[in-house]
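The structure file my_file.cif is reproduced below (mmCIF, C-alpha atoms).
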```
data_coords
loop_
_atom_site.group_PDB
_atom_site.id
_atom_site.type_symbol
_atom_site.label_atom_id
_atom_site.label_comp_id
_atom_site.auth_asym_id
_atom_site.auth_seq_id
_atom_site.Cartn_x
_atom_site.Cartn_y
_atom_site.Cartn_z
ATOM 1 C CA MET U 1 -20.036 22.761 -12.127
ATOM 2 C CA ALA U 2 -17.269 21.427 -9.910
ATOM 3 C CA SER U 3 -14.927 18.873 -11.482
ATOM 4 C CA SER U 4 -14.769 15.373 -10.029
ATOM 5 C CA PRO U 5 -11.922 14.659 -7.610
ATOM 6 C CA GLN U 6 -8.915 12.837 -9.058
ATOM 7 C CA TYR U 7 -7.464 10.038 -6.975
ATOM 8 C CA ILE U 8 -4.131 8.280 -6.646
ATOM 9 C CA ASP U 9 -4.321 4.840 -5.033
ATOM 10 C CA ILE U 10 -0.872 4.494 -3.484
ATOM 11 C CA GLY U 11 -1.345 0.831 -2.523
ATOM 12 C CA ALA U 12 -3.189 -1.778 -4.592
ATOM 13 C CA ASN U 13 -2.445 -5.524 -4.578
ATOM 14 C CA LEU U 14 -3.398 -5.950 -8.223
ATOM 15 C CA LEU U 15 -1.401 -9.171 -8.543
ATOM 16 C CA ASP U 16 -3.837 -10.936 -6.238
ATOM 17 C CA GLN U 17 -5.517 -13.987 -7.741
ATOM 18 C CA MET U 18 -8.981 -12.646 -6.901
ATOM 19 C CA TYR U 19 -8.667 -10.427 -9.966
ATOM 20 C CA GLN U 20 -8.161 -13.613 -11.955
ATOM 21 C CA GLY U 21 -11.415 -14.975 -10.560
ATOM 22 C CA ASN U 22 -9.681 -17.287 -8.074
ATOM 23 C CA TYR U 23 -10.706 -17.137 -4.399
ATOM 24 C CA ARG U 24 -8.936 -19.258 -1.775
ATOM 25 C CA GLY U 25 -7.788 -21.671 -4.474
ATOM 26 C CA LYS U 26 -11.178 -21.998 -6.177
ATOM 27 C CA GLN U 27 -11.939 -20.605 -9.603
ATOM 28 C CA ARG U 28 -15.251 -18.747 -9.253
ATOM 29 C CA HIS U 29 -15.392 -16.730 -12.463
ATOM 30 C CA GLU U 30 -13.337 -15.624 -15.432
ATOM 31 C CA ALA U 31 -10.510 -13.161 -14.933
ATOM 32 C CA ASP U 32 -11.824 -9.602 -14.797
ATOM 33 C CA PHE U 33 -8.615 -7.679 -14.167
ATOM 34 C CA ASP U 34 -9.082 -5.516 -17.262
ATOM 35 C CA ALA U 35 -12.615 -4.629 -16.155
ATOM 36 C CA VAL U 36 -11.336 -3.742 -12.677
ATOM 37 C CA LEU U 37 -8.777 -1.380 -14.179
ATOM 38 C CA GLN U 38 -11.326 0.185 -16.508
ATOM 39 C CA ARG U 39 -13.680 0.710 -13.568
ATOM 40 C CA ALA U 40 -10.838 2.514 -11.800
ATOM 41 C CA TRP U 41 -10.208 4.886 -14.702
ATOM 42 C CA ASP U 42 -13.948 5.451 -15.105
ATOM 43 C CA ASN U 43 -14.156 6.477 -11.450
ATOM 44 C CA HIS U 44 -11.496 9.188 -11.569
ATOM 45 C CA LEU U 45 -8.340 7.260 -10.695
ATOM 46 C CA ASP U 46 -5.343 9.201 -11.944
ATOM 47 C CA LYS U 47 -2.556 6.783 -11.010
ATOM 48 C CA ILE U 48 -2.286 3.441 -9.185
ATOM 49 C CA ILE U 49 0.748 2.010 -7.410
ATOM 50 C CA ILE U 50 0.872 -1.807 -7.485
ATOM 51 C CA THR U 51 2.404 -3.247 -4.326
ATOM 52 C CA ALA U 52 4.771 -6.218 -4.225
ATOM 53 C CA GLY U 53 5.938 -8.414 -1.346
ATOM 54 C CA THR U 54 8.491 -10.817 -2.855
ATOM 55 C CA LEU U 55 11.153 -10.784 -5.553
ATOM 56 C CA GLN U 56 8.859 -12.598 -7.977
ATOM 57 C CA GLU U 57 5.972 -10.240 -7.234
ATOM 58 C CA SER U 58 8.320 -7.300 -7.718
ATOM 59 C CA LYS U 59 9.201 -8.591 -11.184
ATOM 60 C CA GLU U 60 5.535 -9.170 -12.050
ATOM 61 C CA ALA U 61 4.459 -5.792 -10.676
ATOM 62 C CA LEU U 62 7.131 -4.065 -12.737
ATOM 63 C CA GLN U 63 6.007 -5.786 -15.932
ATOM 64 C CA LEU U 64 2.380 -4.906 -15.195
ATOM 65 C CA ALA U 65 3.304 -1.280 -14.481
ATOM 66 C CA LYS U 66 5.081 -1.100 -17.828
ATOM 67 C CA SER U 67 1.829 -2.024 -19.582
ATOM 68 C CA ASP U 68 0.082 1.271 -18.783
ATOM 69 C CA PRO U 69 1.597 4.716 -18.104
ATOM 70 C CA ARG U 70 -0.928 5.231 -15.306
ATOM 71 C CA LEU U 71 0.402 2.230 -13.385
ATOM 72 C CA PHE U 72 3.455 2.248 -11.107
ATOM 73 C CA CYS U 73 4.817 -0.263 -8.635
ATOM 74 C CA THR U 74 6.893 -1.043 -5.581
ATOM 75 C CA ALA U 75 9.662 -3.629 -5.219
ATOM 76 C CA GLY U 76 10.534 -5.296 -1.941
ATOM 77 C CA VAL U 77 9.879 -8.040 0.575
ATOM 78 C CA HIS U 78 6.965 -8.046 3.022
ATOM 79 C CA PRO U 79 8.013 -8.679 6.640
ATOM 80 C CA THR U 80 5.976 -11.875 6.955
ATOM 81 C CA ARG U 81 7.805 -13.350 3.963
ATOM 82 C CA CYS U 82 11.371 -12.597 4.979
ATOM 83 C CA SER U 83 12.175 -16.170 6.059
ATOM 84 C CA GLN U 84 10.849 -17.819 2.902
ATOM 85 C CA GLU U 85 12.462 -15.224 0.662
ATOM 86 C CA PHE U 86 15.832 -14.468 2.231
ATOM 87 C CA GLY U 87 16.677 -17.898 3.632
ATOM 88 C CA ASP U 88 18.631 -18.326 6.855
ATOM 89 C CA THR U 89 22.225 -17.581 5.853
ATOM 90 C CA PRO U 90 24.077 -14.329 5.124
ATOM 91 C CA GLU U 91 24.976 -15.747 1.708
ATOM 92 C CA SER U 92 21.378 -16.392 0.688
ATOM 93 C CA LEU U 93 20.356 -12.924 1.864
ATOM 94 C CA GLU U 94 23.194 -11.283 -0.069
ATOM 95 C CA LYS U 95 22.347 -13.196 -3.252
ATOM 96 C CA TYR U 96 18.675 -12.283 -2.953
ATOM 97 C CA MET U 97 19.444 -8.612 -2.456
ATOM 98 C CA VAL U 98 21.564 -8.573 -5.622
ATOM 99 C CA GLU U 99 18.548 -9.844 -7.576
ATOM 100 C CA LEU U 100 16.218 -7.369 -5.893
ATOM 101 C CA ARG U 101 18.593 -4.532 -6.690
ATOM 102 C CA ASN U 102 18.522 -5.575 -10.351
ATOM 103 C CA VAL U 103 14.726 -5.271 -10.370
ATOM 104 C CA VAL U 104 14.951 -1.898 -8.652
ATOM 105 C CA ASN U 105 17.479 -0.640 -11.168
ATOM 106 C CA GLU U 106 15.277 -1.770 -14.052
ATOM 107 C CA GLY U 107 12.305 0.030 -12.538
ATOM 108 C CA LEU U 108 14.279 3.200 -11.971
ATOM 109 C CA GLU U 109 15.590 3.173 -15.532
ATOM 110 C CA ASP U 110 12.096 2.740 -16.943
ATOM 111 C CA GLY U 111 10.450 5.139 -14.484
ATOM 112 C CA SER U 112 7.856 2.559 -13.415
ATOM 113 C CA LEU U 113 9.134 2.088 -9.860
ATOM 114 C CA ALA U 114 7.650 4.441 -7.263
ATOM 115 C CA ALA U 115 8.932 3.038 -3.959
ATOM 116 C CA LEU U 116 10.806 0.297 -2.164
ATOM 117 C CA GLY U 117 8.508 -2.085 -0.330
ATOM 118 C CA GLU U 118 6.365 -3.411 1.022
ATOM 119 C CA LEU U 119 8.915 -3.632 3.840
ATOM 120 C CA GLY U 120 8.699 -3.260 7.599
ATOM 121 C CA LEU U 121 7.763 -5.283 10.669
ATOM 122 C CA ASP U 122 4.700 -7.359 11.581
ATOM 123 C CA TYR U 123 4.448 -8.873 15.068
ATOM 124 C CA ALA U 124 0.803 -9.874 14.604
ATOM 125 C CA ARG U 125 1.787 -12.777 12.331
ATOM 126 C CA LEU U 126 5.017 -14.126 13.765
ATOM 127 C CA GLU U 127 3.917 -17.633 12.817
ATOM 128 C CA PHE U 128 4.935 -16.758 9.259
ATOM 129 C CA CYS U 129 8.256 -15.134 10.114
ATOM 130 C CA ASP U 130 9.973 -14.570 13.458
ATOM 131 C CA GLU U 131 11.021 -11.162 14.690
ATOM 132 C CA GLU U 132 14.750 -11.579 14.101
ATOM 133 C CA ALA U 133 14.311 -12.713 10.495
ATOM 134 C CA GLN U 134 12.042 -9.725 9.866
ATOM 135 C CA LYS U 135 14.637 -7.354 11.274
ATOM 136 C CA ARG U 136 17.444 -8.840 9.179
ATOM 137 C CA GLY U 137 15.341 -8.435 6.063
ATOM 138 C CA LEU U 138 14.376 -4.885 6.974
ATOM 139 C CA ILE U 139 17.967 -3.810 7.602
ATOM 140 C CA ALA U 140 19.082 -5.200 4.237
ATOM 141 C CA GLN U 141 16.304 -3.388 2.415
ATOM 142 C CA LEU U 142 16.933 -0.108 4.248
ATOM 143 C CA GLU U 143 20.554 -0.293 3.123
ATOM 144 C CA LEU U 144 19.322 -0.644 -0.451
ATOM 145 C CA ALA U 145 16.898 2.237 0.061
ATOM 146 C CA ARG U 146 19.724 4.521 1.177
ATOM 147 C CA ASP U 147 21.746 3.586 -1.892
ATOM 148 C CA VAL U 148 19.002 4.150 -4.461
ATOM 149 C CA ASP U 149 17.243 7.024 -2.666
ATOM 150 C CA LEU U 150 13.742 5.635 -3.143
ATOM 151 C CA PRO U 151 10.756 6.383 -0.902
ATOM 152 C CA LEU U 152 9.751 3.596 1.478
ATOM 153 C CA PHE U 153 6.399 1.803 1.384
ATOM 154 C CA LEU U 154 6.263 0.664 5.007
ATOM 155 C CA HIS U 155 4.270 -2.038 6.792
ATOM 156 C CA ASN U 156 3.846 -1.735 10.558
ATOM 157 C CA ARG U 157 1.643 -4.026 12.630
ATOM 158 C CA ASP U 158 1.669 -4.365 16.429
ATOM 159 C CA THR U 159 5.364 -3.529 16.774
ATOM 160 C CA GLY U 160 5.221 -0.798 19.398
ATOM 161 C CA HIS U 161 8.067 1.579 18.565
ATOM 162 C CA ASP U 162 10.365 -1.060 17.021
ATOM 163 C CA LEU U 163 9.885 0.009 13.389
ATOM 164 C CA LEU U 164 10.266 3.650 14.394
ATOM 165 C CA ASP U 165 13.498 2.867 16.239
ATOM 166 C CA MET U 166 14.912 0.825 13.355
ATOM 167 C CA LEU U 167 14.187 3.580 10.872
ATOM 168 C CA ARG U 168 16.043 6.027 13.096
ATOM 169 C CA LYS U 169 18.986 3.630 13.439
ATOM 170 C CA TYR U 170 19.297 2.303 9.891
ATOM 171 C CA TYR U 171 17.661 4.814 7.539
ATOM 172 C CA PHE U 172 17.512 8.331 8.958
ATOM 173 C CA ILE U 173 21.230 8.455 9.720
ATOM 174 C CA ASP U 174 24.320 10.520 8.912
ATOM 175 C CA GLY U 175 22.262 13.706 8.946
ATOM 176 C CA LYS U 176 21.396 13.143 5.282
ATOM 177 C CA GLU U 177 18.018 14.030 3.839
ATOM 178 C CA ARG U 178 16.198 10.894 2.731
ATOM 179 C CA ALA U 179 13.493 10.257 0.173
ATOM 180 C CA GLY U 180 10.996 9.615 2.969
ATOM 181 C CA GLY U 181 8.064 7.262 2.613
ATOM 182 C CA VAL U 182 4.645 6.231 3.837
ATOM 183 C CA VAL U 183 3.526 4.040 6.721
ATOM 184 C CA HIS U 184 0.681 2.361 4.905
ATOM 185 C CA SER U 185 -2.580 0.962 6.290
ATOM 186 C CA PHE U 186 -2.027 2.855 9.528
ATOM 187 C CA ASP U 187 -4.231 1.715 12.416
ATOM 188 C CA ASP U 188 -2.161 2.594 15.476
ATOM 189 C CA SER U 189 -2.150 5.512 17.929
ATOM 190 C CA LEU U 190 -1.944 9.210 17.158
ATOM 191 C CA ASP U 191 1.217 9.386 19.259
ATOM 192 C CA LEU U 192 2.947 6.877 16.971
ATOM 193 C CA ALA U 193 1.617 8.605 13.860
ATOM 194 C CA VAL U 194 3.074 11.900 15.061
ATOM 195 C CA LYS U 195 6.458 10.269 15.678
ATOM 196 C CA PHE U 196 6.479 8.836 12.149
ATOM 197 C CA MET U 197 5.443 12.202 10.718
ATOM 198 C CA ASP U 198 8.196 13.919 12.708
ATOM 199 C CA LEU U 199 10.640 11.782 10.707
ATOM 200 C CA GLY U 200 9.126 13.219 7.536
ATOM 201 C CA LEU U 201 7.000 10.170 6.728
ATOM 202 C CA HIS U 202 3.441 10.189 5.414
ATOM 203 C CA ILE U 203 0.528 8.169 6.778
ATOM 204 C CA GLY U 204 -1.443 5.870 4.463
ATOM 205 C CA ILE U 205 -5.151 5.488 5.199
ATOM 206 C CA ASN U 206 -7.437 2.738 3.914
ATOM 207 C CA GLY U 207 -10.505 0.857 5.150
ATOM 208 C CA CYS U 208 -8.468 -0.934 7.829
ATOM 209 C CA SER U 209 -7.628 2.502 9.237
ATOM 210 C CA LEU U 210 -11.302 3.387 9.610
ATOM 211 C CA LYS U 211 -12.844 0.481 11.518
ATOM 212 C CA THR U 212 -13.328 1.909 15.022
ATOM 213 C CA GLU U 213 -14.154 5.229 16.636
ATOM 214 C CA ASP U 214 -10.599 5.308 17.992
ATOM 215 C CA ASN U 215 -9.318 4.893 14.426
ATOM 216 C CA LEU U 216 -11.480 7.789 13.269
ATOM 217 C CA ASN U 217 -10.227 10.013 16.072
ATOM 218 C CA VAL U 218 -6.651 9.355 14.954
ATOM 219 C CA VAL U 219 -7.440 10.078 11.301
ATOM 220 C CA ARG U 220 -9.203 13.303 12.283
ATOM 221 C CA ASP U 221 -5.937 14.639 13.696
ATOM 222 C CA ILE U 222 -3.598 13.603 10.882
ATOM 223 C CA PRO U 223 -2.814 16.754 8.871
ATOM 224 C CA LEU U 224 -3.920 16.653 5.254
ATOM 225 C CA ASP U 225 -0.397 17.442 4.076
ATOM 226 C CA LYS U 226 0.785 14.143 5.601
ATOM 227 C CA LEU U 227 -2.078 11.927 4.459
ATOM 228 C CA LEU U 228 -2.169 9.498 1.536
ATOM 229 C CA LEU U 229 -5.177 7.554 0.251
ATOM 230 C CA GLU U 230 -4.985 3.854 -0.536
ATOM 231 C CA THR U 231 -7.297 0.872 -0.864
ATOM 232 C CA ASP U 232 -4.876 -2.024 -0.143
ATOM 233 C CA CYS U 233 -7.296 -3.880 -2.394
ATOM 234 C CA PRO U 234 -8.533 -6.573 -2.563
ATOM 235 C CA TRP U 235 -8.287 -6.293 1.229
ATOM 236 C CA CYS U 236 -9.418 -3.622 3.693
ATOM 237 C CA ASP U 237 -12.951 -3.086 2.411
ATOM 238 C CA ILE U 238 -15.152 -0.738 4.440
ATOM 239 C CA ARG U 239 -17.954 -2.828 5.920
ATOM 240 C CA ALA U 240 -21.332 -1.810 7.312
ATOM 241 C CA THR U 241 -20.165 -2.691 10.841
ATOM 242 C CA HIS U 242 -17.194 -0.316 10.668
ATOM 243 C CA ALA U 243 -17.355 3.064 12.358
ATOM 244 C CA GLY U 244 -16.418 4.842 9.145
ATOM 245 C CA ALA U 245 -19.244 3.299 7.116
ATOM 246 C CA ARG U 246 -21.689 6.056 8.051
ATOM 247 C CA HIS U 247 -19.704 8.500 5.937
ATOM 248 C CA VAL U 248 -19.692 6.374 2.758
ATOM 249 C CA GLU U 249 -21.754 7.908 -0.033
ATOM 250 C CA THR U 250 -20.585 6.114 -3.186
ATOM 251 C CA LYS U 251 -21.893 2.595 -3.689
ATOM 252 C CA PHE U 252 -21.148 0.128 -6.480
ATOM 253 C CA ASP U 253 -23.300 -2.662 -7.862
ATOM 254 C CA THR U 254 -21.963 -5.748 -6.126
ATOM 255 C CA LYS U 255 -22.450 -9.515 -6.340
ATOM 256 C CA THR U 256 -20.935 -12.396 -4.375
ATOM 257 C CA GLU U 257 -18.082 -14.294 -5.999
ATOM 258 C CA LYS U 258 -20.399 -17.279 -6.569
ATOM 259 C CA LYS U 259 -22.967 -15.067 -8.335
ATOM 260 C CA TYR U 260 -20.430 -13.057 -10.269
ATOM 261 C CA LEU U 261 -21.857 -10.743 -12.899
ATOM 262 C CA ALA U 262 -19.704 -8.893 -15.411
ATOM 263 C CA GLY U 263 -19.785 -5.163 -14.756
ATOM 264 C CA CYS U 264 -20.309 -5.581 -11.006
ATOM 265 C CA CYS U 265 -17.868 -5.484 -8.140
ATOM 266 C CA VAL U 266 -17.432 -8.583 -5.978
ATOM 267 C CA LYS U 267 -18.540 -8.529 -2.354
ATOM 268 C CA GLY U 268 -15.549 -8.483 -0.014
ATOM 269 C CA ARG U 269 -13.097 -7.789 -2.863
ATOM 270 C CA TYR U 270 -12.035 -4.168 -2.831
ATOM 271 C CA GLU U 271 -10.868 -2.429 -6.002
ATOM 272 C CA PRO U 272 -9.083 0.843 -6.762
ATOM 273 C CA CYS U 273 -12.454 2.428 -7.606
ATOM 274 C CA HIS U 274 -13.416 2.070 -3.934
ATOM 275 C CA ILE U 275 -10.862 4.724 -2.998
ATOM 276 C CA ALA U 276 -13.744 7.188 -3.262
ATOM 277 C CA GLN U 277 -15.240 5.541 -0.172
ATOM 278 C CA VAL U 278 -12.000 5.887 1.791
ATOM 279 C CA CYS U 279 -11.824 9.547 0.818
ATOM 280 C CA GLN U 280 -15.447 10.152 1.804
ATOM 281 C CA VAL U 281 -14.913 8.705 5.278
ATOM 282 C CA ILE U 282 -11.853 10.873 5.873
ATOM 283 C CA ALA U 283 -13.673 13.953 4.612
ATOM 284 C CA GLY U 284 -16.668 13.184 6.805
ATOM 285 C CA VAL U 285 -14.520 12.703 9.885
ATOM 286 C CA LYS U 286 -12.597 15.906 9.251
ATOM 287 C CA GLY U 287 -15.651 17.897 8.203
ATOM 288 C CA VAL U 288 -14.104 19.051 4.924
ATOM 289 C CA PRO U 289 -15.104 18.559 1.270
ATOM 290 C CA VAL U 290 -14.175 15.278 -0.425
ATOM 291 C CA GLU U 291 -12.333 17.260 -3.106
ATOM 292 C CA GLU U 292 -10.078 18.826 -0.477
ATOM 293 C CA VAL U 293 -8.988 15.423 0.821
ATOM 294 C CA ALA U 294 -8.554 13.933 -2.656
ATOM 295 C CA ASN U 295 -6.526 16.888 -3.909
ATOM 296 C CA ALA U 296 -4.307 16.980 -0.827
ATOM 297 C CA SER U 297 -3.567 13.272 -1.055
ATOM 298 C CA ARG U 298 -2.872 13.516 -4.770
ATOM 299 C CA ASP U 299 -0.497 16.440 -4.263
ATOM 300 C CA ASN U 300 1.248 14.553 -1.446
ATOM 301 C CA ALA U 301 1.672 11.486 -3.647
ATOM 302 C CA TYR U 302 3.286 13.512 -6.429
ATOM 303 C CA LYS U 303 5.637 15.184 -3.945
ATOM 304 C CA LEU U 304 6.648 11.872 -2.383
ATOM 305 C CA PHE U 305 6.831 9.583 -5.420
ATOM 306 C CA GLY U 306 7.777 12.145 -8.039
ATOM 307 C CA THR U 307 5.830 13.229 -11.093
ATOM 308 C CA MET U 308 4.938 9.608 -11.946
ATOM 309 C CA THR U 309 5.146 10.308 -15.654
ATOM 310 C CA ARG U 310 7.106 8.360 -18.245
#
```
Can the structure from this file be put into structure tokens for me?
Amino acid sequence: MASSPQYIDIGANLLDQMYQGNYRGKQRHEADFDAVLQRAWDNHLDKIIITAGTLQESKEALQLAKSDPRLFCTAGVHPTRCSQEFGDTPESLEKYMVELRNVVNEGLEDGSLAALGELGLDYARLEFCDEEAQKRGLIAQLELARDVDLPLFLHNRDTGHDLLDMLRKYYFIDGKERAGGVVHSFDDSLDLAVKFMDLGLHIGINGCSLKTEDNLNVVRDIPLDKLLLETDCPWCDIRATHAGARHVETKFDTKTEKKYLAGCCVKGRYEPCHIAQVCQVIAGVKGVPVEEVANASRDNAYKLFGTMTR
């Protein structure tokens, strides 16, 4: 009898208030974070990386990661939050980066920190942070990444080749080998994916990467040795209207947030356990066994982020 595939979710927003029962500012049910984690372990999750997008989230993610040896985290500032976090002066940016470096050093010492991020560029939501502020924040974090030699957990949305160009200019420099990283939640062209992979980066795939037939065609051509599985939960659920949905085999008992029932998932709120669905879509698109995709992604995660043991 074949063993069940073991998964690593390289991107889970476990700090989100939905796991405390709060949706859009309204308390719908009691916190069920512990049940969500247990459901993950029960469904063959090996490790989970908790993503952070601010200094405070980085601190909270680190403390949460320390609570369970199967949990790890990132530390960094999301592009859409660069203005609110870094301020608008060189002095405020420098002060902030000192504090972020302290968190990073603590995570490295403990072994709980897997990557720097979520950092990058996002031109789809410039109303939250303008392009120049995003670039200033990215440059500062890439300088830190070079110093501490951590993999990057990268965000890229509607930026053309700007993120690619900035990585070449500010990270992959001096001819030195870098720790690499992953462009998470990838939903762009195969041409751009290939250019990122040529830099030595991996491509993170979740439900947002599997919405359209064009998305599926891109995923089909991403080599398994460059692919990483993620949920980006509670976001990026695979919906019935998505092109990838036809490949989903695993279903979970689900209720709406207003009709919450202990032991059930919540409609529209993804969890780490749903990584099986992401894996099944990729396997279906590629025409390979689910175990082959899961094992490749798991091996890739260990190569990129280290042994993830402490």
I need the residue set behind the PyMOL selection byres ((chain U and resi 154-158) around 6) for this file; please write it as a list in words.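 What the PyMOL selection byres ((chain U and resi 154-158) around 6) grabs from the file is Glu118, Leu119, Gly120, Leu121, Asp122, Tyr123, Ala124, Leu152, Phe153, Thr159, Gly160, Val182, Val183 and His184 of chain U.
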Please write as number ranges by chain the full residue list that the PyMOL selection byres ((chain U and resi 64-78) around 9) yields on this file. U: 11, 15, 45-55, 57-63, 79-82, 85-86, 100, 103-104, 107, 110-122, 134, 137-138, 141, 152-155, 308-310
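Against the coordinates shown, the PyMOL selection byres ((chain U and resi 264) around 6) returns U:Asp253, U:Thr254, U:Leu261, U:Ala262, U:Gly263, U:Cys265.
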At a cut-off of 9 Å, using only C-alpha atoms, what residues contact Ala294 (chain U)? Leave out same-chain residues fewer than 3 positions from it and give the result as a list in words. Pro5, Gln6, Tyr7, Ile8, Leu228, Leu229, Ala276, Cys279, Ala283, Pro289, Val290, Glu291, Ser297, Arg298 and Asp299 of chain U
Rank nothing, just name the residue among U:Thr307, U:Val219, U:Thr212, U:Phe172 nearest to Val194 (chain U), using only C-alpha atoms.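 Checking each candidate against Val194 (chain U), we get U:Val219 as the closest.
Coordinates place CA of Tyr171 (chain U) at a distance of 7.3 Å from CA of Glu143 (chain U).
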Can you measure CA of Arg146 (chain U) to CA of Ser209 (chain U) for me? One decimal in Å is fine.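 Between CA of Arg146 (chain U) and CA of Ser209 (chain U) the gap is 28.6 Å.
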Residues near Val248 (chain U), cut-off 7 Å, only C-alpha atoms, skip fewer than 4 positions along chain, as a compact mmCIF listing (two decimals) with C-alpha atoms, keeping the file's coordinate frame:
```txt
# COMPACT_ATOMS: atom_id res chain seq x y z
CA GLN U 277 -15.24 5.54 -0.17
CA GLN U 280 -15.45 10.15 1.80
CA VAL U 281 -14.91 8.70 5.28
```
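When CA of Ala133 (chain U) is paired with CA of Ala145 (chain U), their separation reads 18.4 Å.
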Take every atom of region 233-246 of chain U listed in the file, pad by 5 Å on each side, and give me the axis-aligned box centre and edge lengths in Å, one decimal, as lines of an AutoDock Vina configuration file.
```
center_x = -14.5
center_y = -0.3
center_z = 4.9
size_x = 24.4
size_y = 22.6
size_z = 24.9
```
Residues within 8 Å of Lys267 (chain U), please, as a PyMOL selection string. Count only C-alpha atoms; anything in the same chain fewer than 5 positions from it doesn't count. chain U and resi 254-257
Can you pull out every residue within 7 Å of Val36 (chain U), counting only C-alpha atoms, but drop anything in the same chain fewer than 4 positions away, and send it as an MDAnalysis selection string? chainID U and resid 32 40 271
List the neighbours of Ile205 (chain U) out to 6 Å using only C-alpha atoms; skip same-chain residues closer than 6 positions along the sequence, and give me the result as a VMD selection string. chain U and resid 185 to 186 229 to 230
Nearest residue to Gln38 (chain U) from the set U:Asn105, U:Pro234, U:Asp188, U:Cys273 (distances using all atoms listed in the file): U:Cys273
Between U:Arg101, U:Arg125, U:His161, U:Lys211, which residue has the minimum interatomic distance to Leu142 (chain U), considering only C-alpha atoms?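 Closest to Leu142 (chain U) of all the choices is U:Arg101.
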Option closest in space to Ala296 (chain U), from U:Ala245, U:Val278, U:Leu227, U:Ala140 [counting only C-alpha atoms]: U:Leu227
Restricting the calculation to only C-alpha atoms: of U:Ala240, U:Lys169, U:Leu126, U:Ala179, which residue gets closest to Leu150 (chain U)? U:Ala179
